[in-house]
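**Q** Structure in structure tokens, see below.
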Amino acid sequence: MAVSATLHCLTGCAIGEVLGMVIGTAIGLPNWGTVVLAVALAFFFGYALTLRGVLKTGLGFGAALKVALAADTVSIAVMEIVDNAIMLVVPGAMEAGVSSLLFWGALAFSLAVAFVLTVPVNRWLISRGKGHAVVHHTHHH
């Protein structure tokens with residue numbers, strides 16, 4: 001279940017992260033501005049994907065939002081810290097621009113490393129009935 005939860009998280013994070021990095025880099029935001037945009041969009045899309053699934057169970061929006069926040073906040077935060085830290089420490093990655101292999105290679109690498117490091121976090125959360133265990137509880141009740 002931890003790998004599945006992390007793949008789910010990676011999907012939302014990657015959508016937001018890629019959009020944020022592309023938009024921020026393309027419009028010339030400073031590195032910190034690009035990171036803020038990417039993180040905000042990663043949280044938005046991560047929560048939105050979970051919210052969409054939870055709403056299908058028949059929960060109201062407020063209750064579904066609480067489930068999404070409980071399920072995803074720690075996972076998205078870990079993933080975002082890792083992938084943005086990597087993007088910032090790879091020399092020239094943030095300045096390379098969206099047409100650069102360095103930019104896309106660093107972004108793909110950062111998301112892959114974030115996935116690997118977030119799986120154990122999700123495993124730990126799920127083992128304690130937290131994280132995506134909350135979503136699975138909702139789907140089964």
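Chain labels A, B, ... are given in the sequence in which chains occur in the structure tokens; within each chain residues are numbered consecutively from 1, and ligands are likewise numbered from 1 in the order shown.
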With a distance cut-off of 10 Å and only C-alpha atoms, select the neighbouring residues of region 28-34 of chain A, excluding the residue or stretch itself and same-chain residues fewer than 2 positions from it, and output the selection as a ChimeraX atom specification.

**A** /A:17,19-26,36-40,84,87-88,94-95,97

**Q** Write the residues you've just listed into a file as a short mmCIF file (atom, residue, chain, number, x, y, z; two decimals), in the first residue's frame, and include all heavy atoms for each of them.

**A**
data_model
loop_
_atom_site.label_atom_id
_atom_site.label_comp_id
_atom_site.auth_asym_id
_atom_site.auth_seq_id
_atom_site.Cartn_x
_atom_site.Cartn_y
_atom_site.Cartn_z
N GLU A 17 4.71 20.11 -9.69
CA GLU A 17 6.14 20.43 -9.72
C GLU A 17 6.58 20.79 -11.13
O GLU A 17 7.26 21.80 -11.34
CB GLU A 17 6.94 19.23 -9.21
CG GLU A 17 8.39 19.48 -9.01
CD GLU A 17 8.69 20.41 -7.84
OE1 GLU A 17 7.89 20.49 -6.89
OE2 GLU A 17 9.73 21.07 -7.90
N LEU A 19 4.68 21.78 -13.70
CA LEU A 19 4.04 23.05 -14.09
C LEU A 19 4.72 24.24 -13.43
O LEU A 19 5.01 25.24 -14.09
CB LEU A 19 2.55 23.05 -13.72
CG LEU A 19 1.59 22.39 -14.68
CD1 LEU A 19 0.19 22.39 -14.10
CD2 LEU A 19 1.61 23.08 -16.02
N GLY A 20 4.97 24.12 -12.13
CA GLY A 20 5.61 25.22 -11.41
C GLY A 20 7.00 25.51 -11.91
O GLY A 20 7.39 26.68 -12.10
N MET A 21 7.80 24.46 -12.12
CA MET A 21 9.17 24.65 -12.61
C MET A 21 9.17 25.23 -14.02
O MET A 21 9.95 26.13 -14.33
CB MET A 21 9.95 23.33 -12.58
CG MET A 21 10.33 22.86 -11.21
SD MET A 21 11.63 23.89 -10.52
CE MET A 21 11.64 23.30 -8.83
N VAL A 22 8.28 24.72 -14.86
CA VAL A 22 8.21 25.22 -16.24
C VAL A 22 7.75 26.68 -16.27
O VAL A 22 8.38 27.53 -16.90
CB VAL A 22 7.28 24.33 -17.11
CG1 VAL A 22 6.96 24.99 -18.44
CG2 VAL A 22 7.93 22.98 -17.34
N ILE A 23 6.67 26.98 -15.55
CA ILE A 23 6.15 28.36 -15.55
C ILE A 23 7.18 29.31 -14.93
O ILE A 23 7.48 30.36 -15.50
CB ILE A 23 4.80 28.43 -14.80
CG1 ILE A 23 3.72 27.69 -15.59
CG2 ILE A 23 4.39 29.89 -14.56
CD1 ILE A 23 2.43 27.44 -14.80
N GLY A 24 7.69 28.94 -13.75
CA GLY A 24 8.64 29.81 -13.06
C GLY A 24 9.90 30.06 -13.87
O GLY A 24 10.41 31.19 -13.95
N THR A 25 10.43 29.00 -14.48
CA THR A 25 11.63 29.13 -15.29
C THR A 25 11.35 29.93 -16.56
O THR A 25 12.12 30.81 -16.94
CB THR A 25 12.19 27.73 -15.65
OG1 THR A 25 12.46 27.03 -14.44
CG2 THR A 25 13.47 27.83 -16.45
N ALA A 26 10.21 29.65 -17.19
CA ALA A 26 9.88 30.31 -18.46
C ALA A 26 9.65 31.82 -18.28
O ALA A 26 10.02 32.60 -19.16
CB ALA A 26 8.64 29.67 -19.08
N VAL A 36 8.52 28.17 -4.75
CA VAL A 36 7.24 28.44 -4.08
C VAL A 36 6.08 28.08 -5.00
O VAL A 36 5.11 27.43 -4.56
CB VAL A 36 7.15 29.92 -3.62
CG1 VAL A 36 5.74 30.30 -3.20
CG2 VAL A 36 8.13 30.18 -2.48
N LEU A 37 6.15 28.48 -6.25
CA LEU A 37 5.09 28.16 -7.21
C LEU A 37 4.97 26.64 -7.40
O LEU A 37 3.86 26.09 -7.38
CB LEU A 37 5.38 28.84 -8.56
CG LEU A 37 4.37 28.58 -9.68
CD1 LEU A 37 2.97 29.05 -9.29
CD2 LEU A 37 4.84 29.25 -10.97
N ALA A 38 6.10 25.97 -7.56
CA ALA A 38 6.08 24.51 -7.77
C ALA A 38 5.50 23.79 -6.55
O ALA A 38 4.69 22.86 -6.71
CB ALA A 38 7.49 24.01 -8.06
N VAL A 39 5.88 24.20 -5.36
CA VAL A 39 5.37 23.56 -4.14
C VAL A 39 3.87 23.81 -4.00
O VAL A 39 3.10 22.89 -3.70
CB VAL A 39 6.14 24.06 -2.89
CG1 VAL A 39 5.47 23.62 -1.61
CG2 VAL A 39 7.58 23.56 -2.94
N ALA A 40 3.44 25.04 -4.23
CA ALA A 40 2.01 25.36 -4.12
C ALA A 40 1.19 24.52 -5.10
O ALA A 40 0.15 23.96 -4.74
CB ALA A 40 1.78 26.85 -4.37
N ASN A 84 12.72 19.53 -4.45
CA ASN A 84 13.17 20.91 -4.63
C ASN A 84 14.59 21.11 -4.14
O ASN A 84 15.36 21.88 -4.74
CB ASN A 84 12.19 21.89 -3.97
CG ASN A 84 10.97 22.08 -4.83
OD1 ASN A 84 11.03 22.71 -5.87
ND2 ASN A 84 9.86 21.50 -4.42
N MET A 87 16.74 19.93 -6.96
CA MET A 87 16.75 20.90 -8.06
C MET A 87 17.65 22.09 -7.73
O MET A 87 18.33 22.62 -8.60
CB MET A 87 15.33 21.38 -8.38
CG MET A 87 14.49 20.39 -9.14
SD MET A 87 15.16 19.94 -10.77
CE MET A 87 14.94 21.47 -11.70
N LEU A 88 17.65 22.49 -6.47
CA LEU A 88 18.47 23.64 -6.07
C LEU A 88 19.96 23.32 -5.98
O LEU A 88 20.78 24.21 -6.18
CB LEU A 88 17.96 24.21 -4.74
CG LEU A 88 16.60 24.92 -4.82
CD1 LEU A 88 16.07 25.19 -3.42
CD2 LEU A 88 16.70 26.22 -5.62
N MET A 94 18.30 24.94 -12.23
CA MET A 94 17.21 25.93 -12.17
C MET A 94 17.38 27.02 -13.24
O MET A 94 16.40 27.58 -13.70
CB MET A 94 17.14 26.57 -10.78
CG MET A 94 16.78 25.62 -9.67
SD MET A 94 15.07 25.08 -9.69
CE MET A 94 14.23 26.56 -9.19
N GLU A 95 18.59 27.28 -13.62
CA GLU A 95 18.85 28.33 -14.61
C GLU A 95 18.87 27.78 -16.03
O GLU A 95 18.92 28.55 -16.99
CB GLU A 95 20.20 29.01 -14.31
CG GLU A 95 20.23 29.76 -13.00
CD GLU A 95 20.41 28.87 -11.78
OE1 GLU A 95 20.93 27.74 -11.90
OE2 GLU A 95 20.00 29.30 -10.68
N GLY A 97 16.72 26.34 -18.01
CA GLY A 97 15.62 26.62 -18.92
C GLY A 97 14.92 25.36 -19.38
O GLY A 97 15.50 24.27 -19.36
#

**Q** For Glu80 (chain A), which of A:Val121, A:Leu111, A:Ile126, A:Leu51 is the closest residue, counting only C-alpha atoms?

**A** A:Leu111

**Q** With distances taken over only C-alpha atoms, which of A:Ala70, A:Ala108, A:Leu55, A:Val89 is nearest to Gly129 (chain A)?

**A**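 Ranked by minimum distance to Gly129 (chain A), first place goes to A:Ala70.
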
**Q** Could you pull the residues within 12 Å of Phe61 (chain A), counting only C-alpha atoms, minus those fewer than 5 positions along the same chain, as an MDAnalysis selection string?

**A** chainID A and resid 48 50:56 66:68

**Q** Which residues are near Thr73 (chain A)? Cut-off 9 Å, only C-alpha atoms, ignore same chain within fewer than 5 positions. Put them as a ChimeraX atom specification.

**A** /A:43,46-47,68,78,131

**Q** Hey, can you check how far CA of Phe115 (chain A) sits from CA of Thr6 (chain A)?

**A** 6.5 Å

**Q** What's around Val90 (chain A) at 10 Å? Count only C-alpha atoms, leave out sequence neighbours fewer than 2 positions away in its own chain, and write the answer as a VMD selection string.

**A** chain A and resid 85 to 88 92 to 94 102 to 103 106 to 107 110

**Q** Enumerate, as a VMD selection string, the complete set of residues in region 45-124 of chain A that a backbone-based DSSP assignment places in helix (DSSP H, G or I).

**A** chain A and resid 45 to 55 61 to 89 101 to 124
